[in-house]
>>> print(open('data-v6.cif').read())   # mmCIF, C-alpha atoms
data_my_file
loop_
_atom_site.label_atom_id
_atom_site.label_comp_id
_atom_site.auth_asym_id
_atom_site.auth_seq_id
_atom_site.Cartn_x
_atom_site.Cartn_y
_atom_site.Cartn_z
CA MET P 1 -6.44 25.73 4.93
CA SER P 2 -10.01 26.67 5.66
CA SER P 3 -11.28 26.74 9.22
CA LYS P 4 -15.05 26.79 8.68
CA PHE P 5 -16.35 23.27 8.40
CA GLU P 6 -18.57 20.83 10.24
CA VAL P 7 -17.34 17.41 11.21
CA THR P 8 -19.55 14.61 9.90
CA GLU P 9 -17.78 11.60 11.43
CA THR P 10 -14.92 11.08 13.86
CA LEU P 11 -12.43 8.23 13.49
CA ASP P 12 -10.49 7.23 16.59
CA VAL P 13 -7.09 5.69 15.83
CA LYS P 14 -5.50 6.50 19.17
CA GLY P 15 -2.78 4.01 20.10
CA GLN P 16 -2.40 2.77 16.53
CA SER P 17 0.68 3.32 14.43
CA CYS P 18 1.70 3.26 10.78
CA PRO P 19 0.05 2.25 8.50
CA MET P 20 -3.23 2.15 10.43
CA PRO P 21 -4.08 5.88 10.67
CA VAL P 22 -3.84 6.29 6.89
CA VAL P 23 -5.46 2.99 5.97
CA LYS P 24 -8.39 3.51 8.36
CA THR P 25 -8.78 7.12 7.22
CA LYS P 26 -9.13 5.86 3.67
CA GLY P 27 -11.73 3.31 4.78
CA ALA P 28 -13.73 5.93 6.69
CA ILE P 29 -13.62 8.44 3.83
CA ASP P 30 -15.04 5.79 1.51
CA GLU P 31 -18.13 5.66 3.74
CA LEU P 32 -18.77 9.41 3.50
CA ALA P 33 -20.67 11.38 0.89
CA GLU P 34 -19.16 14.18 -1.15
CA GLY P 35 -18.67 17.32 0.91
CA GLU P 36 -18.69 15.53 4.27
CA VAL P 37 -15.78 15.96 6.67
CA LEU P 38 -13.92 13.26 8.60
CA GLU P 39 -12.10 14.03 11.81
CA VAL P 40 -9.25 11.62 12.59
CA VAL P 41 -7.91 11.54 16.14
CA ALA P 42 -4.48 9.93 16.45
CA THR P 43 -1.62 9.61 18.92
CA ASP P 44 0.92 8.65 16.23
CA SER P 45 3.10 11.69 15.54
CA GLY P 46 3.90 10.24 12.11
CA SER P 47 0.25 10.61 11.19
CA VAL P 48 0.74 14.35 10.59
CA SER P 49 3.06 13.81 7.64
CA ASP P 50 1.39 10.57 6.53
CA ILE P 51 -2.18 11.83 6.34
CA ALA P 52 -1.02 15.03 4.62
CA GLY P 53 0.94 12.92 2.10
CA TRP P 54 -1.96 10.56 1.58
CA ALA P 55 -4.41 13.43 1.03
CA ASP P 56 -2.00 15.06 -1.40
CA GLY P 57 -1.57 11.89 -3.43
CA THR P 58 -5.21 10.81 -3.45
CA ASP P 59 -7.98 12.07 -5.71
CA GLY P 60 -11.28 13.05 -4.14
CA VAL P 61 -10.03 14.19 -0.74
CA GLU P 62 -8.97 17.55 0.64
CA LEU P 63 -7.02 18.07 3.84
CA LEU P 64 -8.72 20.95 5.66
CA ASP P 65 -6.70 21.20 8.84
CA GLN P 66 -4.32 19.43 11.20
CA ARG P 67 -4.13 20.32 14.88
CA GLU P 68 -1.93 19.12 17.70
CA GLU P 69 -3.06 19.42 21.29
CA ALA P 70 -2.21 17.47 24.44
CA ASP P 71 -0.39 14.68 22.52
CA LEU P 72 -3.35 14.21 20.23
CA TYR P 73 -3.17 14.83 16.51
CA ARG P 74 -6.45 15.84 14.87
CA HIS P 75 -6.79 15.72 11.12
CA TYR P 76 -9.74 17.04 9.12
CA VAL P 77 -10.34 15.61 5.67
CA ARG P 78 -13.16 16.47 3.30
CA LYS P 79 -14.42 14.07 0.65
CA THR P 80 -14.56 16.09 -2.55
CA ASP P 81 -15.89 13.78 -5.25
CA MET V 1 1.96 39.91 -40.72
CA SER V 2 4.82 38.14 -42.32
CA THR V 3 5.24 38.60 -46.01
CA ASP V 4 5.88 34.92 -46.61
CA THR V 5 2.41 33.82 -45.52
CA PRO V 6 1.63 30.68 -47.51
CA GLY V 7 -0.22 31.38 -50.69
CA PRO V 8 -3.24 29.52 -52.01
CA THR V 9 -1.01 26.90 -53.62
CA ASP V 10 0.11 25.74 -50.10
CA THR V 11 -3.44 25.29 -48.77
CA PRO V 12 -3.61 21.72 -47.47
CA ASP V 13 -6.26 19.39 -48.67
CA VAL V 14 -9.11 20.01 -46.22
CA GLU V 15 -10.63 16.61 -46.81
CA ALA V 16 -7.33 14.89 -46.04
CA LEU V 17 -6.98 16.92 -42.85
CA ARG V 18 -10.52 16.06 -41.77
CA ALA V 19 -9.80 12.39 -42.30
CA ARG V 20 -6.57 12.70 -40.33
CA VAL V 21 -8.35 14.44 -37.44
CA ALA V 22 -11.01 11.74 -37.38
CA ASP V 23 -8.27 9.07 -37.26
CA LEU V 24 -6.53 10.80 -34.39
CA GLU V 25 -9.75 11.28 -32.45
CA GLU V 26 -10.44 7.58 -32.75
CA THR V 27 -6.93 6.75 -31.54
CA VAL V 28 -7.23 9.09 -28.55
CA ALA V 29 -10.64 7.68 -27.61
CA GLY V 30 -9.16 4.18 -27.72
CA LEU V 31 -6.24 5.22 -25.52
CA GLU V 32 -8.53 6.91 -23.01
CA ALA V 33 -10.80 3.89 -22.82
CA GLY V 34 -7.88 1.54 -22.24
CA ALA V 35 -5.95 3.74 -19.86
CA ASP V 36 -6.07 2.94 -16.17
CA ASP V 37 -4.85 6.05 -14.43
CA ARG V 38 -4.26 4.25 -11.14
CA LYS V 39 -0.64 3.97 -10.11
CA ARG V 40 0.74 0.45 -9.97
CA MET V 41 3.17 -1.13 -7.55
CA THR V 42 4.73 -4.56 -7.66
CA ILE V 43 6.64 -5.86 -4.64
CA VAL V 44 8.58 -9.13 -4.65
CA ALA V 45 8.76 -10.43 -1.05
CA THR V 46 11.47 -13.06 -0.56
CA LYS V 47 12.09 -13.01 3.20
CA GLY V 48 10.15 -14.73 5.93
CA SER V 49 11.60 -13.28 9.11
CA LEU V 50 9.41 -11.17 11.39
CA ASP V 51 11.21 -7.92 10.61
CA MET V 52 11.18 -8.52 6.84
CA ALA V 53 7.46 -9.32 6.77
CA TYR V 54 6.54 -5.78 7.73
CA PRO V 55 7.90 -3.52 4.96
CA PRO V 56 6.04 -5.17 2.06
CA LEU V 57 2.77 -5.40 4.02
CA ILE V 58 2.90 -1.84 5.29
CA LEU V 59 3.75 -0.44 1.85
CA ALA V 60 1.11 -2.58 0.17
CA SER V 61 -1.72 -1.65 2.53
CA THR V 62 -0.76 2.02 2.41
CA ALA V 63 -0.54 2.01 -1.39
CA ALA V 64 -4.01 0.47 -1.48
CA ALA V 65 -5.21 3.43 0.62
CA PHE V 66 -3.92 5.60 -2.24
CA ASP V 67 -6.09 3.51 -4.59
CA TRP V 68 -3.02 2.03 -6.26
CA ASP V 69 -3.20 -1.30 -8.02
CA VAL V 70 -0.87 -3.43 -5.87
CA VAL V 71 0.60 -6.89 -6.35
CA VAL V 72 2.90 -8.51 -3.80
CA PHE V 73 4.56 -11.59 -5.24
CA HIS V 74 5.79 -13.87 -2.43
CA THR V 75 8.50 -16.34 -3.17
CA PHE V 76 10.94 -18.53 -1.20
CA TRP V 77 10.77 -17.60 2.50
CA GLY V 78 8.41 -14.76 1.66
CA LEU V 79 5.74 -17.48 1.32
CA ASP V 80 5.74 -17.84 5.11
CA ILE V 81 4.12 -14.40 5.38
CA LEU V 82 1.05 -15.76 3.55
CA HIS V 83 1.13 -19.18 5.24
CA GLU V 84 -1.69 -19.00 7.78
CA GLU V 85 0.09 -21.04 10.45
CA ARG V 86 3.69 -19.98 9.83
CA SER V 87 2.82 -16.29 9.59
CA LYS V 88 1.86 -16.33 13.27
CA ASN V 89 5.27 -17.71 14.23
CA LEU V 90 7.69 -15.66 12.17
CA LYS V 91 11.05 -15.34 13.90
CA LEU V 92 13.67 -12.68 14.28
CA SER V 93 17.30 -13.71 13.89
CA ALA V 94 19.63 -12.56 16.65
CA VAL V 95 22.70 -13.44 14.55
CA GLY V 96 24.09 -11.19 11.86
CA ASN V 97 22.10 -8.17 12.98
CA PRO V 98 24.52 -5.42 14.01
CA SER V 99 21.70 -3.55 15.72
CA MET V 100 21.35 -6.31 18.32
CA SER V 101 22.99 -5.49 21.61
CA VAL V 102 24.67 -8.89 21.91
CA PRO V 103 27.74 -10.09 19.98
CA ASN V 104 27.18 -12.74 17.30
CA ALA V 105 28.98 -15.40 19.36
CA VAL V 106 26.37 -14.96 22.09
CA ALA V 107 23.49 -14.45 19.66
CA ALA V 108 24.27 -17.85 18.13
CA LEU V 109 23.54 -19.64 21.43
CA PRO V 110 20.39 -21.78 21.61
CA GLY V 111 17.30 -19.81 22.53
CA MET V 112 18.61 -16.42 21.46
CA ASP V 113 16.42 -16.19 18.32
CA ALA V 114 13.39 -17.04 20.42
CA MET V 115 14.32 -14.38 22.94
CA ALA V 116 14.90 -11.74 20.27
CA THR V 117 11.56 -12.66 18.71
CA ARG V 118 9.75 -12.42 22.07
CA MET V 119 11.26 -8.99 22.70
CA MET V 120 10.26 -7.78 19.25
CA ARG V 121 6.69 -9.06 19.61
CA LYS V 122 6.43 -7.35 23.00
CA LYS V 123 7.56 -4.06 21.45
CA ILE V 124 5.13 -4.49 18.55
CA GLY V 125 2.29 -4.92 21.03
CA GLU V 126 3.36 -1.97 23.19
CA ASN V 127 3.78 0.31 20.20
CA GLY V 128 0.33 -0.36 18.79
CA THR V 129 1.93 -1.78 15.65
CA ALA V 130 -0.39 -4.10 13.76
CA THR V 131 0.39 -7.80 13.68
CA VAL V 132 1.39 -9.51 10.43
CA GLU V 133 -1.98 -11.27 10.41
CA GLU V 134 -3.85 -7.97 10.74
CA LEU V 135 -1.86 -6.42 7.91
CA ILE V 136 -2.57 -9.38 5.65
CA GLU V 137 -6.32 -9.19 6.30
CA LEU V 138 -6.21 -5.42 5.83
CA SER V 139 -4.33 -5.71 2.54
CA LEU V 140 -6.69 -8.38 1.19
CA ASP V 141 -9.74 -6.35 2.27
CA GLN V 142 -8.41 -3.39 0.33
CA GLY V 143 -7.91 -5.40 -2.82
CA VAL V 144 -4.16 -5.95 -2.70
CA ASP V 145 -3.30 -9.01 -4.77
CA LEU V 146 -1.13 -11.17 -2.50
CA GLN V 147 0.41 -13.82 -4.72
CA ALA V 148 2.16 -17.03 -3.68
CA CYS V 149 4.70 -18.33 -6.17
CA GLN V 150 3.63 -21.81 -7.30
CA MET V 151 7.15 -23.13 -7.86
CA THR V 152 8.24 -22.28 -4.32
CA ILE V 153 4.96 -23.56 -2.81
CA GLU V 154 5.96 -26.94 -4.23
CA LEU V 155 9.65 -26.51 -3.38
CA MET V 156 8.84 -25.80 0.26
CA GLY V 157 6.33 -28.65 0.39
CA TYR V 158 3.40 -26.35 1.19
CA ASP V 159 -0.18 -26.89 0.14
CA GLU V 160 -2.37 -24.25 -1.50
CA GLU V 161 -4.83 -24.72 1.37
CA ASP V 162 -2.15 -23.55 3.84
CA PHE V 163 -2.48 -19.94 2.74
CA TYR V 164 -4.89 -17.24 3.83
CA ASP V 165 -8.22 -17.10 1.99
CA GLY V 166 -7.90 -14.60 -0.82
CA VAL V 167 -4.24 -15.32 -1.58
CA THR V 168 -3.59 -15.93 -5.27
CA THR V 169 -1.83 -19.21 -6.04
CA GLY V 170 -0.86 -20.83 -9.32
CA VAL V 171 1.29 -17.89 -10.42
CA GLY V 172 4.91 -17.61 -11.44
CA ALA V 173 7.64 -15.25 -12.51
CA ALA V 174 5.89 -14.31 -15.76
CA THR V 175 2.82 -13.11 -13.86
CA ALA V 176 5.01 -10.99 -11.61
CA LEU V 177 6.99 -9.58 -14.53
CA ASN V 178 3.85 -8.80 -16.48
CA HIS V 179 2.54 -6.63 -13.65
CA MET V 180 5.98 -5.18 -12.98
CA ALA V 181 6.49 -4.09 -16.60
CA ASP V 182 3.67 -1.56 -16.28
CA ALA V 183 4.26 -0.68 -12.63
CA ASP V 184 5.28 2.76 -11.43
CA VAL V 185 7.00 1.27 -8.38
CA GLN V 186 8.83 -2.05 -8.26
CA LEU V 187 10.47 -3.29 -5.08
CA LEU V 188 12.40 -6.40 -4.10
CA VAL V 189 12.24 -7.10 -0.37
#
>>> encode(input="data-v6.cif", output="structure tokens")
Amino acid sequence: MSSKFEVTETLDVKGQSCPMPVVKTKGAIDELAEGEVLEVVATDSGSVSDIAGWADGTDGVELLDQREEADLYRHYVRKTD
Amino acid sequence: MSTDTPGPTDTPDVEALRARVADLEETVAGLEAGADDRKRMTIVATKGSLDMAYPPLILASTAAAFDWDVVVFHTFWGLDILHEERSKNLKLSAVGNPSMSVPNAVAALPGMDAMATRMMRKKIGENGTATVEELIELSLDQGVDLQACQMTIELMGYDEEDFYDGVTTGVGAATALNHMADADVQLLV
């Protein structure tokens, strides 16, 4: 996973649970241009596996990083094409 | 080099090979043009209780986030999920659910289903779980094809106008099977 990237947009899905973090991430990625990076901030612990699984199974996105701090899960997804 | 390399007498007819290659290229081009590389999922939703409304809707909306082509065919009590009024009042049964903390004899008492439903709705709210209505709107927005079986619409005495805008009506088993035949994932809920 690369660590050098700039966040273009941040999506707040705190307090929301499955399937919302993934579905809203998809919606937000659709709004970005190629190369831009979405930060997703979630409280759902299932979002770690779900967003990784979604990114793995979806063309045109790349999971850059996932971080956990103070009960918040931050996911960084780049739109690739 | 092998000593049994084919001699000139085995040289294939170049013209025939060229023709064959051209044929194959045409076939491949046709296949590529017709191929939809999206994954497909067909779910048949037959239950209309609060707990059974969630799995098809969550899977459908998530699959749409994967850009899958998704059809959910609702039949029998599954129609209630798409019924605008009834979908807001789906119930949980207290009876016959071993996970409930009360014995069946108690669960069968009047008011117990309503109580179980209230408790479940409270938990759904506290957990930040989407409502059935939200998941339906989300699925439709993402292009999920939510279908209401025409035969059971009539059997249940519903009207096509009773369903959410965007729900497909006038479909039957053949429509579901047709999608299912080419689906990567088929589920009966």
>>> resolve_selection(input="data-v6.cif", expression="the PyMOL selection byres ((chain P and resi 46-62) around 6)", output="PDB file with C-alpha atoms, keeping the file's coordinate frame")
ATOM      1  CA  VAL P  22      -3.840   6.290   6.890  1.00  0.00           C
ATOM      2  CA  ASP P  44       0.920   8.650  16.230  1.00  0.00           C
ATOM      3  CA  SER P  45       3.100  11.690  15.540  1.00  0.00           C
ATOM      4  CA  LEU P  63      -7.020  18.070   3.840  1.00  0.00           C
ATOM      5  CA  VAL P  77     -10.340  15.610   5.670  1.00  0.00           C
ATOM      6  CA  ARG P  78     -13.160  16.470   3.300  1.00  0.00           C
ATOM      7  CA  LYS P  79     -14.420  14.070   0.650  1.00  0.00           C
ATOM      8  CA  THR P  80     -14.560  16.090  -2.550  1.00  0.00           C
ATOM      9  CA  ASP P  81     -15.890  13.780  -5.250  1.00  0.00           C
TER      10      ASP P  81
ATOM     11  CA  PHE V  66      -3.920   5.600  -2.240  1.00  0.00           C
TER      12      PHE V  66
END
>>> interface_residues(input="data-v6.cif", of="chain V", to="chain P", cutoff="7 Å", atoms="only C-alpha atoms", output="VMD selection string")
chain V and resid 58 61 to 62 65 to 66 128 to 129
>>> write_last_selection(input="data-v6.cif", atoms="C-alpha atoms", output="CSV table (one decimal), keeping the file's coordinate frame")
chain,number,residue,atom,x,y,z
V,58,ILE,CA,2.9,-1.8,5.3
V,61,SER,CA,-1.7,-1.6,2.5
V,62,THR,CA,-0.8,2.0,2.4
V,65,ALA,CA,-5.2,3.4,0.6
V,66,PHE,CA,-3.9,5.6,-2.2
V,128,GLY,CA,0.3,-0.4,18.8
V,129,THR,CA,1.9,-1.8,15.6
>>> residues_around(input="data-v6.cif", residues="stretch 161-171 of chain V", least_positions_apart="3", cutoff="7 Å", atoms="only C-alpha atoms", output="list of chain:residue names")
V:Leu82, V:His83, V:Glu84, V:Leu140, V:Asp145, V:Leu146, V:Gln147, V:Ala148, V:Cys149, V:Gln150, V:Tyr158, V:Thr175
>>> resolve_selection(input="data-v6.cif", expression="the PyMOL selection byres ((chain V and resi 44) around 9)", output="list in words")
Thr42, Ile43, Ala45, Thr46, Pro56, Val71, Val72, Phe73, His74, Thr75, Gly78, Ala176, Gln186, Leu187, Leu188 and Val189 of chain V
>>> write_last_selection(input="data-v6.cif", atoms="C-alpha atoms", output="mmCIF file, in the coordinates of the input")
data_model
loop_
_atom_site.group_PDB
_atom_site.id
_atom_site.type_symbol
_atom_site.label_atom_id
_atom_site.label_comp_id
_atom_site.auth_asym_id
_atom_site.auth_seq_id
_atom_site.Cartn_x
_atom_site.Cartn_y
_atom_site.Cartn_z
ATOM 1 C CA THR V 42 4.730 -4.560 -7.660
ATOM 2 C CA ILE V 43 6.640 -5.860 -4.640
ATOM 3 C CA ALA V 45 8.760 -10.430 -1.050
ATOM 4 C CA THR V 46 11.470 -13.060 -0.560
ATOM 5 C CA PRO V 56 6.040 -5.170 2.060
ATOM 6 C CA VAL V 71 0.600 -6.890 -6.350
ATOM 7 C CA VAL V 72 2.900 -8.510 -3.800
ATOM 8 C CA PHE V 73 4.560 -11.590 -5.240
ATOM 9 C CA HIS V 74 5.790 -13.870 -2.430
ATOM 10 C CA THR V 75 8.500 -16.340 -3.170
ATOM 11 C CA GLY V 78 8.410 -14.760 1.660
ATOM 12 C CA ALA V 176 5.010 -10.990 -11.610
ATOM 13 C CA GLN V 186 8.830 -2.050 -8.260
ATOM 14 C CA LEU V 187 10.470 -3.290 -5.080
ATOM 15 C CA LEU V 188 12.400 -6.400 -4.100
ATOM 16 C CA VAL V 189 12.240 -7.100 -0.370
#
>>> closest_residue(input="data-v6.cif", among="P:Leu11, P:Ala28, P:Leu72, P:Leu64", to="P:Val40", atoms="all atoms listed in the file")
P:Leu11
>>> resolve_selection(input="data-v6.cif", expression="the PyMOL selection byres ((chain P and resi 71) around 10)", output="PyMOL selection string")
chain P and resi 42-45+68-70+72-74
>>> atom_distance(input="data-v6.cif", atom1="atom CA of V:Ile136", atom2="atom CA of V:Gly172")
20.4 Å
>>> residues_around(input="data-v6.cif", residues="V:Arg118", least_positions_apart="5", cutoff="9 Å", atoms="only C-alpha atoms", output="list of chain:residue names")
V:Lys91, V:Leu92, V:Asp113, V:Lys123
>>> closest_residue(input="data-v6.cif", among="P:His75, P:Asp12, P:Phe5, P:Arg67", to="P:Glu36", atoms="all atoms listed in the file")
P:Phe5
>>> atom_distance(input="data-v6.cif", atom1="atom CA of V:Leu59", atom2="atom CA of V:His179")
16.7 Å
>>> residues_near_point(input="data-v6.cif", point="(3.2, -10.3, 10.4)", cutoff="10 Å", atoms="only C-alpha atoms", output="list in words")
Gly48, Ser49, Leu50, Asp51, Met52, Ala53, Tyr54, Pro55, Leu57, Ile58, Asp80, Ile81, Leu82, Arg86, Ser87, Lys88, Asn89, Leu90, Lys91, Arg121, Ala130, Thr131, Val132, Glu133, Glu134, Leu135 and Ile136 of chain V
>>> atom_distance(input="data-v6.cif", atom1="atom CA of V:Leu79", atom2="atom CA of V:Ile153")
7.4 Å
>>> closest_residue(input="data-v6.cif", among="V:Ile124, V:Val95, V:Ala183, V:Ala33", to="V:Ala108", atoms="all atoms listed in the file")
V:Val95
>>> closest_residue(input="data-v6.cif", among="V:Met119, V:Met41, V:Met156, V:Ala22", to="V:Ala63", atoms="only C-alpha atoms")
V:Met41
>>> residues_around(input="data-v6.cif", residues="P:Glu9", least_positions_apart="2", cutoff="8 Å", atoms="all atoms listed in the file", output="ChimeraX atom specification")
/P:7,11,37-39
>>> build_atoms(input="data-v6.cif", residues="stretch 13-36 of chain P", atoms="N, CA, C and O atoms", output="compact mmCIF listing (two decimals), keeping the file's coordinate frame")
# COMPACT_ATOMS: atom_id res chain seq x y z
N VAL P 13 -8.19 6.65 16.06
CA VAL P 13 -7.09 5.69 15.83
C VAL P 13 -6.02 5.90 16.90
O VAL P 13 -4.83 5.66 16.65
N LYS P 14 -6.45 6.30 18.07
CA LYS P 14 -5.50 6.50 19.17
C LYS P 14 -4.82 5.17 19.50
O LYS P 14 -5.47 4.14 19.54
N GLY P 15 -3.53 5.21 19.74
CA GLY P 15 -2.78 4.01 20.10
C GLY P 15 -2.35 3.16 18.92
O GLY P 15 -1.66 2.17 19.08
N GLN P 16 -2.78 3.55 17.72
CA GLN P 16 -2.40 2.77 16.53
C GLN P 16 -1.31 3.50 15.76
O GLN P 16 -1.28 4.72 15.71
N SER P 17 -0.42 2.69 15.17
CA SER P 17 0.68 3.32 14.43
C SER P 17 0.66 2.90 12.97
O SER P 17 -0.16 2.09 12.56
N CYS P 18 1.58 3.46 12.22
CA CYS P 18 1.70 3.26 10.78
C CYS P 18 1.56 1.79 10.43
O CYS P 18 2.20 0.96 11.06
N PRO P 19 0.77 1.40 9.47
CA PRO P 19 0.05 2.25 8.50
C PRO P 19 -1.41 2.52 8.87
O PRO P 19 -2.17 3.00 8.05
N MET P 20 -1.81 2.14 10.08
CA MET P 20 -3.23 2.15 10.43
C MET P 20 -3.93 3.50 10.31
O MET P 20 -5.04 3.56 9.76
N PRO P 21 -3.34 4.61 10.80
CA PRO P 21 -4.08 5.88 10.67
C PRO P 21 -4.46 6.19 9.22
O PRO P 21 -5.61 6.57 8.95
N VAL P 22 -3.56 5.99 8.30
CA VAL P 22 -3.84 6.29 6.89
C VAL P 22 -4.85 5.30 6.31
O VAL P 22 -5.83 5.68 5.68
N VAL P 23 -4.61 4.02 6.56
CA VAL P 23 -5.46 2.99 5.97
C VAL P 23 -6.90 3.12 6.49
O VAL P 23 -7.87 3.01 5.74
N LYS P 24 -7.03 3.39 7.80
CA LYS P 24 -8.39 3.51 8.36
C LYS P 24 -9.05 4.82 7.93
O LYS P 24 -10.27 4.89 7.80
N THR P 25 -8.24 5.86 7.73
CA THR P 25 -8.78 7.12 7.22
C THR P 25 -9.39 6.90 5.84
O THR P 25 -10.50 7.34 5.54
N LYS P 26 -8.65 6.18 5.02
CA LYS P 26 -9.13 5.86 3.67
C LYS P 26 -10.46 5.10 3.74
O LYS P 26 -11.42 5.42 3.04
N GLY P 27 -10.52 4.11 4.63
CA GLY P 27 -11.73 3.31 4.78
C GLY P 27 -12.91 4.17 5.23
O GLY P 27 -14.03 4.01 4.73
N ALA P 28 -12.65 5.09 6.16
CA ALA P 28 -13.73 5.93 6.69
C ALA P 28 -14.20 6.95 5.66
O ALA P 28 -15.39 7.24 5.56
N ILE P 29 -13.26 7.47 4.87
CA ILE P 29 -13.62 8.44 3.83
C ILE P 29 -14.52 7.78 2.78
O ILE P 29 -15.45 8.38 2.27
N ASP P 30 -14.23 6.52 2.50
CA ASP P 30 -15.04 5.79 1.51
C ASP P 30 -16.51 5.71 1.92
O ASP P 30 -17.39 5.57 1.07
N GLU P 31 -16.76 5.78 3.23
CA GLU P 31 -18.13 5.66 3.74
C GLU P 31 -18.88 7.00 3.69
O GLU P 31 -20.08 7.04 3.91
N LEU P 32 -18.14 8.09 3.47
CA LEU P 32 -18.77 9.41 3.50
C LEU P 32 -19.29 9.81 2.12
O LEU P 32 -18.91 9.24 1.11
N ALA P 33 -20.17 10.82 2.14
CA ALA P 33 -20.67 11.38 0.89
C ALA P 33 -19.84 12.61 0.56
O ALA P 33 -19.16 13.18 1.43
N GLU P 34 -19.91 13.01 -0.70
CA GLU P 34 -19.16 14.18 -1.15
C GLU P 34 -19.50 15.40 -0.30
O GLU P 34 -20.67 15.65 0.01
N GLY P 35 -18.47 16.11 0.12
CA GLY P 35 -18.67 17.32 0.91
C GLY P 35 -18.59 17.09 2.42
O GLY P 35 -18.38 18.03 3.18
N GLU P 36 -18.73 15.81 2.83
CA GLU P 36 -18.69 15.53 4.27
C GLU P 36 -17.24 15.53 4.77
O GLU P 36 -16.30 15.31 4.02
